>>> print(open('model06.txt').read())   # compact mmCIF, C-alpha atoms
# COMPACT_ATOMS: atom_id res chain seq x y z
CA MET W 22 100.56 126.93 61.16
CA LYS W 23 102.63 123.82 60.49
CA ILE W 24 102.81 121.61 63.57
CA ALA W 25 104.77 118.38 64.07
CA VAL W 26 103.53 115.91 66.70
CA ILE W 27 106.15 113.31 67.57
CA SER W 28 104.13 110.20 68.44
CA THR W 29 101.01 108.46 67.26
CA GLY W 30 100.20 107.11 70.70
CA THR W 31 96.83 108.02 72.14
CA TRP W 32 97.91 111.39 73.57
CA GLY W 33 99.78 112.37 70.43
CA LEU W 34 96.76 111.49 68.30
CA ALA W 35 94.29 113.29 70.57
CA LEU W 36 96.35 116.48 70.39
CA SER W 37 96.90 116.07 66.64
CA ASN W 38 93.14 115.84 66.26
CA LEU W 39 92.55 118.92 68.44
CA LEU W 40 95.11 121.04 66.58
CA SER W 41 93.90 119.85 63.19
CA ASP W 42 90.32 120.74 64.13
CA LYS W 43 91.60 124.27 64.80
CA GLY W 44 92.79 124.49 61.21
CA HIS W 45 96.51 123.85 61.66
CA ALA W 46 98.56 121.71 59.27
CA VAL W 47 99.46 118.78 61.52
CA THR W 48 101.88 115.97 60.74
CA ALA W 49 102.06 113.11 63.25
CA TYR W 50 105.21 111.00 63.27
CA THR W 51 105.55 107.28 63.87
CA PRO W 52 108.75 105.28 63.29
CA PHE W 53 106.64 102.31 62.18
CA ALA W 54 105.74 102.16 58.48
CA LYS W 55 102.84 99.75 59.03
CA GLU W 56 101.29 102.01 61.68
CA LYS W 57 101.64 105.00 59.37
CA GLU W 58 99.91 103.09 56.57
CA ALA W 59 97.05 101.93 58.82
CA LEU W 60 96.42 105.40 60.23
CA SER W 61 96.61 107.02 56.81
CA LEU W 62 94.10 104.52 55.47
CA HIS W 63 91.56 104.32 58.31
CA TYR W 64 92.09 107.40 60.52
CA ARG W 65 91.17 105.31 63.54
CA HIS W 66 92.95 103.94 66.62
CA PRO W 67 91.93 100.81 68.58
CA ARG W 68 92.00 102.76 71.88
CA PHE W 69 89.44 105.21 70.44
CA PRO W 70 86.51 102.96 69.44
CA GLY W 71 83.91 104.79 67.41
CA VAL W 72 86.08 107.87 66.87
CA ALA W 73 87.24 108.97 63.41
CA LEU W 74 90.28 111.25 63.42
CA ASN W 75 90.39 114.44 61.38
CA ARG W 76 91.38 113.46 57.84
CA SER W 77 93.49 116.57 57.40
CA ILE W 78 96.13 115.04 59.71
CA ALA W 79 99.14 113.82 57.75
CA PHE W 80 100.98 110.75 59.02
CA SER W 81 104.67 110.22 58.37
CA ASP W 82 107.41 107.73 59.19
CA ASP W 83 110.08 110.20 58.02
CA LEU W 84 111.27 112.34 60.95
CA GLY W 85 113.06 114.87 58.78
CA GLN W 86 109.99 115.37 56.61
CA THR W 87 107.81 115.71 59.71
CA LEU W 88 110.01 118.38 61.28
CA ALA W 89 110.86 120.35 58.14
CA ASP W 90 109.72 123.97 58.59
CA ALA W 91 107.49 123.08 61.57
CA ALA W 92 106.64 126.19 63.60
CA VAL W 93 105.67 124.04 66.60
CA VAL W 94 107.07 120.65 67.61
CA VAL W 95 105.13 118.61 70.17
CA PHE W 96 107.02 115.74 71.81
CA ALA W 97 104.57 113.07 72.98
CA THR W 98 107.02 110.15 72.92
CA PRO W 99 106.83 107.80 75.96
CA SER W 100 109.47 108.67 78.55
CA PRO W 101 111.83 105.66 78.02
CA TYR W 102 112.25 106.60 74.35
CA LEU W 103 112.15 110.38 74.58
CA ARG W 104 115.90 110.97 74.83
CA GLY W 105 116.59 108.94 71.71
CA MET W 106 113.84 110.71 69.81
CA ALA W 107 115.09 114.15 70.85
CA ARG W 108 118.61 113.17 69.84
CA ASN W 109 117.33 112.08 66.42
CA ALA W 110 115.46 115.36 66.03
CA LYS W 111 118.50 117.52 66.73
CA GLY W 112 119.51 119.39 63.60
CA LEU W 113 116.17 118.70 61.92
CA LEU W 114 114.15 121.37 63.75
CA ALA W 115 113.72 124.85 62.36
CA SER W 116 115.56 127.35 64.56
CA ALA W 117 112.34 129.27 65.25
CA SER W 118 110.35 126.22 66.35
CA LEU W 119 108.34 126.41 69.55
CA VAL W 120 109.05 123.11 71.35
CA VAL W 121 106.39 121.57 73.61
CA SER W 122 106.64 118.50 75.83
CA VAL W 123 103.46 116.62 76.74
CA THR W 124 105.25 113.51 78.07
CA LYS W 125 105.00 112.88 81.82
CA GLY W 126 107.83 111.18 83.66
CA LEU W 127 111.31 111.24 85.13
CA GLU W 128 114.33 109.60 83.54
CA ASP W 129 115.20 106.74 85.85
CA ASP W 130 118.98 107.08 85.76
CA THR W 131 119.45 110.87 85.59
CA PHE W 132 116.23 111.87 87.45
CA LEU W 133 115.72 114.60 84.83
CA THR W 134 112.26 115.79 83.84
CA MET W 135 111.15 115.27 80.26
CA SER W 136 111.72 118.90 79.24
CA GLU W 137 115.21 118.72 80.74
CA VAL W 138 115.92 115.60 78.67
CA ILE W 139 114.78 117.35 75.48
CA GLU W 140 116.74 120.50 76.28
CA GLU W 141 119.88 118.50 77.03
CA GLU W 142 119.68 116.72 73.69
CA LEU W 143 118.61 119.65 71.51
CA GLY W 144 120.81 122.28 73.16
CA ASN W 145 119.95 125.99 73.39
CA THR W 146 116.20 125.26 73.44
CA GLU W 147 113.57 126.31 75.96
CA VAL W 148 110.80 123.72 76.22
CA THR W 149 107.25 124.56 77.24
CA VAL W 150 105.36 121.91 79.22
CA LEU W 151 101.68 121.04 78.70
CA SER W 152 100.24 118.91 81.50
CA GLY W 153 97.22 118.27 83.70
CA PRO W 154 94.24 115.90 84.13
CA THR W 155 93.97 114.99 80.46
CA HIS W 156 92.92 111.49 79.45
CA ALA W 157 93.36 111.18 75.69
CA GLU W 158 90.21 109.06 75.44
CA GLU W 159 88.14 112.02 76.65
CA VAL W 160 89.97 114.77 74.77
CA VAL W 161 89.56 112.98 71.45
CA ARG W 162 85.80 112.82 72.18
CA LYS W 163 85.82 116.57 72.86
CA MET W 164 84.84 116.28 76.51
CA PRO W 165 85.52 119.36 78.71
CA THR W 166 89.17 119.36 79.85
CA LEU W 167 91.45 121.84 81.63
CA CYS W 168 95.24 121.79 81.82
CA VAL W 169 98.33 123.98 82.24
CA ALA W 170 101.03 125.31 79.89
CA SER W 171 104.20 126.21 81.76
CA SER W 172 107.54 127.71 80.78
CA ASN W 173 110.35 129.77 82.22
CA ARG W 174 109.48 132.17 79.42
CA ALA W 175 106.03 133.63 80.08
CA GLU W 176 105.55 134.46 76.40
CA ASP W 177 106.04 130.84 75.37
CA ALA W 178 103.56 129.60 77.98
CA ARG W 179 100.97 132.05 76.66
CA LYS W 180 101.64 130.98 73.06
CA VAL W 181 101.04 127.33 73.94
CA ARG W 182 97.97 128.28 75.99
CA ASP W 183 96.47 130.10 73.03
CA LEU W 184 97.49 127.44 70.52
CA PHE W 185 95.75 124.55 72.27
CA SER W 186 92.73 126.25 73.84
CA ASN W 187 89.33 125.80 72.20
CA GLU W 188 85.68 125.38 73.19
CA TYR W 189 86.29 122.13 75.13
CA PHE W 190 90.02 122.31 75.98
CA ARG W 191 90.93 125.22 78.25
CA VAL W 192 94.58 125.92 79.06
CA TYR W 193 95.95 128.07 81.88
CA ASP W 194 99.51 129.39 81.83
CA SER W 195 102.02 128.89 84.64
CA HIS W 196 105.53 130.02 85.60
CA ASP W 197 106.62 126.74 87.27
CA PRO W 198 107.48 124.14 84.60
CA TYR W 199 109.64 122.13 86.99
CA GLY W 200 106.82 121.80 89.50
CA VAL W 201 104.32 120.97 86.77
CA GLU W 202 106.55 118.17 85.49
CA LEU W 203 107.24 116.76 88.94
CA CYS W 204 103.48 116.63 89.51
CA GLY W 205 103.00 114.80 86.22
CA ALA W 206 105.63 112.19 87.04
CA LEU W 207 105.07 111.60 90.75
CA LYS W 208 101.27 111.35 90.61
CA ASN W 209 101.69 108.26 88.39
CA VAL W 210 103.53 106.52 91.22
CA ILE W 211 100.74 107.31 93.69
CA ALA W 212 98.19 106.12 91.11
CA LEU W 213 99.98 102.77 91.03
CA GLY W 214 99.54 102.57 94.80
CA ALA W 215 95.84 103.43 94.57
CA GLY W 216 95.39 100.76 91.91
CA ILE W 217 97.19 98.16 94.01
CA ALA W 218 94.84 98.92 96.91
CA GLU W 219 91.81 98.52 94.65
CA GLY W 220 93.19 95.26 93.29
CA LEU W 221 93.49 93.99 96.86
CA GLY W 222 89.78 94.65 97.32
CA TYR W 223 90.10 97.72 99.55
CA GLY W 224 87.50 100.44 99.28
CA ASP W 225 87.13 104.15 98.74
CA ASN W 226 88.40 105.01 102.24
CA CYS W 227 91.78 103.50 101.42
CA LYS W 228 91.93 105.09 97.97
CA ALA W 229 91.14 108.52 99.42
CA ALA W 230 93.86 108.05 102.01
CA ILE W 231 96.44 107.12 99.40
CA ILE W 232 95.54 110.11 97.21
CA THR W 233 95.60 112.57 100.11
CA ARG W 234 98.76 111.33 101.78
CA GLY W 235 100.31 110.75 98.38
CA LEU W 236 99.86 114.43 97.60
CA VAL W 237 101.67 115.25 100.85
CA GLU W 238 104.60 113.11 99.70
CA ILE W 239 104.66 114.75 96.26
CA VAL W 240 104.71 118.21 97.85
CA ARG W 241 107.46 117.22 100.29
CA LEU W 242 109.83 116.02 97.61
CA SER W 243 109.03 118.64 95.00
CA THR W 244 109.38 121.64 97.29
CA ALA W 245 112.66 120.19 98.55
CA MET W 246 113.75 120.29 94.92
CA GLY W 247 112.72 123.91 94.46
CA ALA W 248 109.22 123.70 92.98
CA ASP W 249 106.43 126.15 93.86
CA ARG W 250 104.11 124.68 96.51
CA LYS W 251 100.95 126.18 95.01
CA THR W 252 101.48 124.25 91.76
CA PHE W 253 100.62 121.04 93.57
CA TYR W 254 97.13 122.21 94.54
CA GLY W 255 96.22 123.12 90.97
CA LEU W 256 95.37 121.24 87.80
CA ALA W 257 98.84 119.79 87.25
CA GLY W 258 99.02 118.54 90.83
CA LEU W 259 95.82 117.65 92.67
CA GLY W 260 93.76 117.61 89.47
CA ASP W 261 96.01 115.17 87.65
CA LEU W 262 96.53 113.04 90.75
CA VAL W 263 92.79 112.56 91.29
CA VAL W 264 92.04 111.59 87.70
CA THR W 265 95.04 109.27 87.39
CA ALA W 266 94.45 107.50 90.70
CA THR W 267 90.74 106.89 90.15
CA SER W 268 89.92 106.59 86.46
CA ARG W 269 89.36 103.46 84.42
CA ASN W 270 91.23 105.28 81.62
CA SER W 271 94.42 105.49 83.71
CA ARG W 272 97.11 103.02 82.67
CA ASN W 273 98.92 103.51 85.98
CA HIS W 274 95.82 102.78 88.04
CA GLU W 275 94.97 99.80 85.82
CA CYS W 276 98.48 98.38 86.17
CA GLY W 277 98.28 98.78 89.94
CA VAL W 278 94.96 96.91 90.02
CA TYR W 279 96.52 93.96 88.22
CA ILE W 280 99.48 93.92 90.61
CA GLY W 281 97.08 93.99 93.58
CA GLN W 282 95.19 91.08 92.04
CA GLY W 283 98.37 89.00 92.10
CA TYR W 284 99.83 89.46 88.63
CA GLY W 285 103.57 89.95 88.33
CA VAL W 286 104.74 93.40 87.28
CA GLY W 287 105.66 92.22 83.79
CA GLU W 288 102.30 90.50 83.39
CA ALA W 289 100.49 93.59 84.61
CA ARG W 290 102.37 95.81 82.17
CA ASN W 291 101.53 93.45 79.31
CA LYS W 292 97.85 93.36 80.24
CA VAL W 293 97.70 97.15 80.11
CA GLY W 294 99.21 96.96 76.64
CA MET W 295 100.68 100.47 76.66
CA GLU W 296 103.51 102.30 78.39
CA VAL W 297 102.98 102.60 82.17
CA GLU W 298 104.80 105.82 83.06
CA GLY W 299 104.48 105.27 86.82
CA LEU W 300 106.72 102.20 86.60
CA ASN W 301 109.30 104.30 84.75
CA ALA W 302 109.16 107.17 87.29
CA LEU W 303 109.14 104.95 90.38
CA LYS W 304 112.88 104.38 90.58
CA ALA W 305 113.61 108.08 90.21
CA ALA W 306 111.03 109.03 92.84
CA TYR W 307 112.39 106.48 95.32
CA HIS W 308 116.04 107.39 94.88
CA LEU W 309 115.36 111.13 94.85
CA SER W 310 113.53 110.83 98.16
CA ARG W 311 116.54 109.03 99.63
CA ARG W 312 118.96 111.60 98.22
CA LYS W 313 116.92 114.52 99.57
CA GLY W 314 116.14 112.84 102.91
CA VAL W 315 112.41 113.19 102.29
CA GLU W 316 110.00 110.73 103.89
CA MET W 317 107.76 109.09 101.25
CA PRO W 318 106.27 105.93 102.78
CA ILE W 319 103.71 105.31 100.02
CA VAL W 320 106.34 105.65 97.29
CA GLU W 321 108.61 103.35 99.30
CA ALA W 322 105.83 100.78 99.69
CA VAL W 323 105.10 100.77 95.95
CA TYR W 324 108.83 100.48 95.23
CA ASP W 325 109.13 97.50 97.60
CA VAL W 326 106.23 95.76 95.85
CA VAL W 327 107.40 96.48 92.29
CA TYR W 328 111.16 96.10 92.66
CA GLY W 329 111.53 94.22 95.95
CA GLY W 330 108.87 91.58 95.38
CA LEU W 331 107.09 92.44 98.65
CA ASP W 332 103.56 91.07 98.99
CA PRO W 333 101.15 94.02 98.56
CA VAL W 334 99.20 92.99 101.68
CA LYS W 335 102.41 93.14 103.69
CA ALA W 336 103.19 96.56 102.20
CA VAL W 337 99.85 97.87 103.48
CA GLU W 338 100.50 96.33 106.90
CA ASN W 339 103.86 98.08 107.01
CA LEU W 340 102.21 101.43 106.25
CA PHE W 341 99.65 101.00 109.02
CA SER W 342 102.20 99.89 111.59
CA ARG W 343 104.22 103.11 111.30
CA SER W 344 104.45 105.35 114.37
CA LEU W 345 101.39 107.49 114.99
CA LYS W 346 101.86 111.24 114.49
CA GLU W 347 100.16 114.58 113.95
CA GLU W 348 98.88 115.14 110.41
CA ASP W 349 101.13 117.40 108.38
>>> encode(input="model06.txt", output="structure tokens")
Amino acid sequence: MKIAVISTGTWGLALSNLLSDKGHAVTAYTPFAKEKEALSLHYRHPRFPGVALNRSIAFSDDLGQTLADAAVVVFATPSPYLRGMARNAKGLLASASLVVSVTKGLEDDTFLTMSEVIEEELGNTEVTVLSGPTHAEEVVRKMPTLCVASSNRAEDARKVRDLFSNEYFRVYDSHDPYGVELCGALKNVIALGAGIAEGLGYGDNCKAAIITRGLVEIVRLSTAMGADRKTFYGLAGLGDLVVTATSRNSRNHECGVYIGQGYGVGEARNKVGMEVEGLNALKAAYHLSRRKGVEMPIVEAVYDVVYGGLDPVKAVENLFSRSLKEED
């Protein structure tokens, strides 16, 4: 099967490697000619030390060539650039293409999920979402990983499940793509908060509290927006939240640590060296909570630190000085 993967970032490359190992004809797209040349020559990525990518992967800087006759198109473009990429792809996709989004985030001005952005740009296309606790650095090393494929069309979810599943990557199917995507976006914001706490020198008690109460906030907002509550206690919700808020491989957690250590947001982003999706989703999460009248004190605290310049120590003090209440 011919498969186009739109992105040569770490997640795009890890999935290209997985699909290529399964015998599919994979072309991975990058808009950068020098990156295409380097990957084509070395089949290595600096974020994957010691790992050689499958040499059957083709790399291209020609979007039309990449998409021509592709039976499956996987969008792995970082959220700030996804709309532009989907717009460029319109008219280049084969009409029978199965479209998959593996990007996690919310558009900060429209509050749309990534599949909604793609569908809006492509028109008359149903996008299947693939999400869950999936660090690219582990998937490319073939470490055991579970995730979820979700679509409003059950047949498409099953197709994506079967396409990606192998001996180390197990995929479940789901009927709640909106909930799955909200999980994938909002958990990044909570992971920023957990990282900030770690950067301040706080311990596991605080991190556990942020993860647990952060999940409550995610459920509050997402169910108010029509998502299925049970989604948030599965792989796309609790699973992805735990791994993103605790792992050294998490860009969102790493960025939060730097902010907690006193670096400015721009400095922290630069030190991570890759896109930090939690920073991109934070505005949408904050404003959606206000629009829906949903209480999200951790999200608000992170927003005040990132966009209001509030001292992180003061943000924690504000959280602990809130009125005492029964646990919900």
>>> residues_around(input="model06.txt", residues="range 140-150 of chain W", least_positions_apart="3", cutoff="9 Å", atoms="all atoms listed in the file", output="number ranges by chain")
W: 104-105, 107-112, 119-124, 135-137, 169-174, 177-178, 181, 198-199, 201-202
>>> closest_residue(input="model06.txt", among="W:Glu296, W:Asp130, W:Glu288, W:Asp194", to="Thr252 in chain W", atoms="all atoms listed in the file")
W:Asp194
>>> closest_residue(input="model06.txt", among="W:Asp349, W:Glu56, W:Asp83, W:Asp129", to="Leu236 in chain W", atoms="all atoms listed in the file")
W:Asp349
>>> closest_residue(input="model06.txt", among="W:Ala54, W:Leu242, W:Ile232, W:Val297", to="Phe80 in chain W", atoms="only C-alpha atoms")
W:Ala54
>>> closest_residue(input="model06.txt", among="W:Leu203, W:Gly222, W:Val293, W:Glu347", to="Asn270 in chain W", atoms="all atoms listed in the file")
W:Val293
>>> closest_atom_pairs(input="model06.txt", of="range 188-264 of chain W", to="range 310-316 of chain W", cutoff="10 Å", atoms="only C-alpha atoms", output="CSV")
residue,atom,partner,partner_atom,distance
W:Val237,CA,W:Glu316,CA,10.0
W:Glu238,CA,W:Glu316,CA,7.2
W:Ile239,CA,W:Ser310,CA,9.9
W:Arg241,CA,W:Val315,CA,6.7
W:Leu242,CA,W:Val315,CA,6.0
W:Ser243,CA,W:Ser310,CA,9.6
W:Ala245,CA,W:Lys313,CA,7.2
W:Met246,CA,W:Lys313,CA,8.1
>>> closest_residue(input="model06.txt", among="W:Thr131, W:Ala79, W:Ser61, W:Tyr189", to="Pro165 in chain W", atoms="only C-alpha atoms")
W:Tyr189
>>> atom_distance(input="model06.txt", atom1="CA of Leu207 in chain W", atom2="CA of Ala306 in chain W")
6.8 Å
>>> closest_residue(input="model06.txt", among="W:Lys180, W:Lys292, W:Lys125, W:Arg250", to="Tyr279 in chain W", atoms="only C-alpha atoms")
W:Lys292
>>> residues_around(input="model06.txt", residues="Gly260 in chain W", least_positions_apart="5", cutoff="10 Å", atoms="only C-alpha atoms", output="PyMOL selection string")
chain W and resi 153-155+167-168+204+208+253-255+265
>>> residues_around(input="model06.txt", residues="Ser37 in chain W", least_positions_apart="2", cutoff="8 Å", atoms="all atoms listed in the file", output="ChimeraX atom specification")
/W:26,33-35,39-41,47-49,78
>>> residues_around(input="model06.txt", residues="Ala322 in chain W", least_positions_apart="3", cutoff="12 Å", atoms="all atoms listed in the file", output="count of residues only")
34
>>> residues_around(input="model06.txt", residues="Leu113 in chain W", least_positions_apart="4", cutoff="8 Å", atoms="only C-alpha atoms", output="PyMOL selection string")
chain W and resi 85+88-89
>>> atom_distance(input="model06.txt", atom1="CA of Ala229 in chain W", atom2="CA of Val286 in chain W")
23.7 Å
>>> atom_distance(input="model06.txt", atom1="CA of Gly216 in chain W", atom2="CA of His274 in chain W")
4.4 Å
>>> axis_aligned_box(input="model06.txt", around="range 274-283 of chain W", padding_each_side="3 Å", output="lines of an AutoDock Vina configuration file")
center_x = 97.2
center_y = 95.9
center_z = 89.7
size_x = 10.5
size_y = 19.8
size_z = 13.8
